[in-house]
$ cat final-v5.pdb   # PDB, C-alpha atoms and all ligand atoms
ATOM      1  CA  MET A1092      22.397 -18.847 -84.028  1.00  0.00           C
ATOM      2  CA  ALA A1093      18.862 -17.631 -84.577  1.00  0.00           C
ATOM      3  CA  THR A1094      17.163 -20.877 -83.720  1.00  0.00           C
ATOM      4  CA  SER A1095      14.882 -21.908 -80.888  1.00  0.00           C
ATOM      5  CA  SER A1096      14.277 -25.465 -79.692  1.00  0.00           C
ATOM      6  CA  VAL A1097      10.716 -26.759 -79.801  1.00  0.00           C
ATOM      7  CA  THR A1098       9.290 -29.963 -78.367  1.00  0.00           C
ATOM      8  CA  THR A1099       5.847 -29.828 -79.964  1.00  0.00           C
ATOM      9  CA  ARG A1100       4.826 -29.250 -83.563  1.00  0.00           C
ATOM     10  CA  PRO A1101       4.817 -25.499 -84.247  1.00  0.00           C
ATOM     11  CA  THR A1102       1.475 -24.509 -85.718  1.00  0.00           C
ATOM     12  CA  THR A1103       2.397 -21.013 -86.846  1.00  0.00           C
ATOM     13  CA  LYS A1104       5.810 -21.758 -88.398  1.00  0.00           C
ATOM     14  CA  GLN A1105       6.670 -22.913 -91.910  1.00  0.00           C
ATOM     15  CA  TYR A1106      10.182 -24.242 -91.372  1.00  0.00           C
ATOM     16  CA  LEU A1107      11.475 -26.830 -88.900  1.00  0.00           C
ATOM     17  CA  GLY A1108      15.112 -27.833 -88.524  1.00  0.00           C
ATOM     18  CA  ASN A1109      16.619 -31.142 -87.425  1.00  0.00           C
ATOM     19  CA  THR A1110      19.676 -30.492 -85.260  1.00  0.00           C
ATOM     20  CA  ASN A1111      20.861 -34.069 -85.776  1.00  0.00           C
ATOM     21  CA  THR A1112      20.988 -34.045 -89.583  1.00  0.00           C
ATOM     22  CA  LEU A1113      21.111 -30.244 -90.079  1.00  0.00           C
ATOM     23  CA  GLU A1114      18.247 -30.466 -92.552  1.00  0.00           C
ATOM     24  CA  VAL A1115      15.341 -28.024 -92.767  1.00  0.00           C
ATOM     25  CA  HIS A1116      11.767 -29.081 -93.591  1.00  0.00           C
ATOM     26  CA  ASN A1117       8.856 -27.062 -94.971  1.00  0.00           C
ATOM     27  CA  LEU A1118       5.909 -28.011 -92.757  1.00  0.00           C
ATOM     28  CA  ASN A1119       3.418 -26.765 -95.358  1.00  0.00           C
ATOM     29  CA  VAL A1120       4.445 -29.532 -97.762  1.00  0.00           C
ATOM     30  CA  GLU A1121       6.047 -32.137 -95.486  1.00  0.00           C
ATOM     31  CA  THR A1122       5.983 -35.779 -96.575  1.00  0.00           C
ATOM     32  CA  ASP A1123       5.992 -39.039 -94.649  1.00  0.00           C
ATOM     33  CA  GLN A1124       9.697 -39.350 -95.478  1.00  0.00           C
ATOM     34  CA  CYS A1125      10.423 -36.155 -93.537  1.00  0.00           C
ATOM     35  CA  GLN A1126       9.602 -37.971 -90.296  1.00  0.00           C
ATOM     36  CA  VAL A1127       8.833 -34.681 -88.569  1.00  0.00           C
ATOM     37  CA  ASP A1128       7.108 -36.405 -85.668  1.00  0.00           C
ATOM     38  CA  GLU A1129      10.203 -38.532 -85.105  1.00  0.00           C
ATOM     39  CA  ILE A1130      12.363 -35.378 -85.095  1.00  0.00           C
ATOM     40  CA  LEU A1131      10.086 -33.837 -82.454  1.00  0.00           C
ATOM     41  CA  ASN A1132      10.061 -37.012 -80.355  1.00  0.00           C
ATOM     42  CA  ALA A1133      13.861 -37.186 -80.459  1.00  0.00           C
ATOM     43  CA  GLY A1134      14.178 -33.592 -79.278  1.00  0.00           C
ATOM     44  CA  HIS A1135      16.081 -32.573 -82.417  1.00  0.00           C
ATOM     45  CA  SER A1136      13.638 -29.897 -83.580  1.00  0.00           C
ATOM     46  CA  VAL A1137      14.254 -26.174 -83.872  1.00  0.00           C
ATOM     47  CA  ILE A1138      12.464 -23.235 -85.445  1.00  0.00           C
ATOM     48  CA  PHE A1139      14.182 -20.304 -87.143  1.00  0.00           C
ATOM     49  CA  ILE A1140      14.010 -16.622 -86.266  1.00  0.00           C
ATOM     50  CA  PRO A1141      12.873 -15.260 -88.621  1.00  0.00           C
ATOM     51  CA  ASP A1142      10.933 -18.229 -90.018  1.00  0.00           C
ATOM     52  CA  THR A1143      12.511 -18.216 -93.484  1.00  0.00           C
ATOM     53  CA  LEU A1144      14.488 -20.638 -95.631  1.00  0.00           C
ATOM     54  CA  GLY A1145      17.240 -18.040 -95.931  1.00  0.00           C
ATOM     55  CA  GLN A1146      17.627 -17.938 -92.162  1.00  0.00           C
ATOM     56  CA  ALA A1147      17.820 -21.727 -92.041  1.00  0.00           C
ATOM     57  CA  HIS A1148      20.601 -21.674 -94.632  1.00  0.00           C
ATOM     58  CA  SER A1149      22.413 -18.963 -92.664  1.00  0.00           C
ATOM     59  CA  ASP A1150      22.291 -21.235 -89.637  1.00  0.00           C
ATOM     60  CA  GLY A1151      23.900 -24.061 -91.621  1.00  0.00           C
ATOM     61  CA  TYR A1152      20.831 -26.127 -92.496  1.00  0.00           C
ATOM     62  CA  ASP A1153      20.414 -27.889 -95.832  1.00  0.00           C
ATOM     63  CA  ASN A1154      17.145 -28.430 -97.708  1.00  0.00           C
ATOM     64  CA  CYS A1155      15.267 -31.662 -97.058  1.00  0.00           C
ATOM     65  CA  ALA A1156      15.269 -33.627-100.324  1.00  0.00           C
ATOM     66  CA  TYR A1157      11.612 -34.643 -99.926  1.00  0.00           C
ATOM     67  CA  CYS A1158       9.722 -31.462 -99.057  1.00  0.00           C
ATOM     68  CA  ILE A1159      12.024 -28.712-100.376  1.00  0.00           C
ATOM     69  CA  GLY A1160      14.568 -30.288-102.710  1.00  0.00           C
ATOM     70  CA  ASN A1161      17.496 -28.571-104.409  1.00  0.00           C
ATOM     71  CA  SER A1162      19.966 -29.591-101.738  1.00  0.00           C
ATOM     72  CA  THR A1163      22.705 -27.043-101.372  1.00  0.00           C
ATOM     73  CA  ARG A1164      25.269 -29.651-100.219  1.00  0.00           C
TER      74      ARG A1164
HETATM   75 ZN    ZN B   1      11.268 -32.647 -95.371  1.00  0.00          ZN
END
$ encode --input "final-v5.pdb" --output "structure tokens"
Amino acid sequence: MATSSVTTRPTTKQYLGNTNTLEVHNLNVETDQCQVDEILNAGHSVIFIPDTLGQAHSDGYDNCAYCIGNSTR
């Protein structure tokens, strides 16, 4: 798995995964419904290596309906 846990908001990454829901968010266009801060506070946040949507999908993450859309599930 090419993921790395983070406990603070990554400032140089575009994508953030939630290990609890297996959803990936695009931090460039995140919405209030994404609840990214709650994900970070819960310790459920990971970044992807490399920082791409394709990598997130390879790691089993599905698109967030609010910031990315086009759920693959
Ligand atoms: Zn989102």
$ closest_residue --input "final-v5.pdb" --among "A:Asp1142, A:Val1127, A:His1135, A:Glu1114" --to "Cys1155 (chain A)" --atoms "all atoms listed in the file"
A:Glu1114
$ axis_aligned_box --input "final-v5.pdb" --around "region 1154-1161 of chain A" --padding-each-side "8 Å" --output "lines of an AutoDock Vina configuration file"
center_x = 13.6
center_y = -31.5
center_z = -100.7
size_x = 23.8
size_y = 22.2
size_z = 23.4
$ residues_near_ligand --input "final-v5.pdb" --ligand "ligand ZN 1 (chain B)" --cutoff "7 Å" --atoms "all atoms listed in the file" --output "PDB file with C-alpha atoms, in the coordinates of the input"
ATOM      1  CA  VAL A1115      15.341 -28.024 -92.767  1.00  0.00           C
ATOM      2  CA  HIS A1116      11.767 -29.081 -93.591  1.00  0.00           C
ATOM      3  CA  ASN A1117       8.856 -27.062 -94.971  1.00  0.00           C
ATOM      4  CA  GLU A1121       6.047 -32.137 -95.486  1.00  0.00           C
ATOM      5  CA  THR A1122       5.983 -35.779 -96.575  1.00  0.00           C
ATOM      6  CA  GLN A1124       9.697 -39.350 -95.478  1.00  0.00           C
ATOM      7  CA  CYS A1125      10.423 -36.155 -93.537  1.00  0.00           C
ATOM      8  CA  CYS A1155      15.267 -31.662 -97.058  1.00  0.00           C
ATOM      9  CA  ALA A1156      15.269 -33.627-100.324  1.00  0.00           C
ATOM     10  CA  TYR A1157      11.612 -34.643 -99.926  1.00  0.00           C
ATOM     11  CA  CYS A1158       9.722 -31.462 -99.057  1.00  0.00           C
ATOM     12  CA  ILE A1159      12.024 -28.712-100.376  1.00  0.00           C
TER      13      ILE A1159
END
$ atom_distance --input "final-v5.pdb" --atom1 "CA of Ala1133 (chain A)" --atom2 "CA of Gln1146 (chain A)"
22.8 Å
$ resolve_selection --input "final-v5.pdb" --expression "the PyMOL selection byres (((chain A and resi 1092-1101) around 6) and not hetatm)" --output "ChimeraX atom specification"
/A:1102-1104,1131,1136-1140
$ atom_distance --input "final-v5.pdb" --atom1 "CA of Asp1128 (chain A)" --atom2 "CA of Asn1161 (chain A)"
22.8 Å
$ atom_distance --input "final-v5.pdb" --atom1 "CA of Asn1154 (chain A)" --atom2 "CA of Asn1111 (chain A)"
13.7 Å
$ closest_residue --input "final-v5.pdb" --among "A:Leu1113, A:Leu1118, A:Glu1129, A:Gln1105" --to "His1148 (chain A)" --atoms "all atoms listed in the file"
A:Leu1113
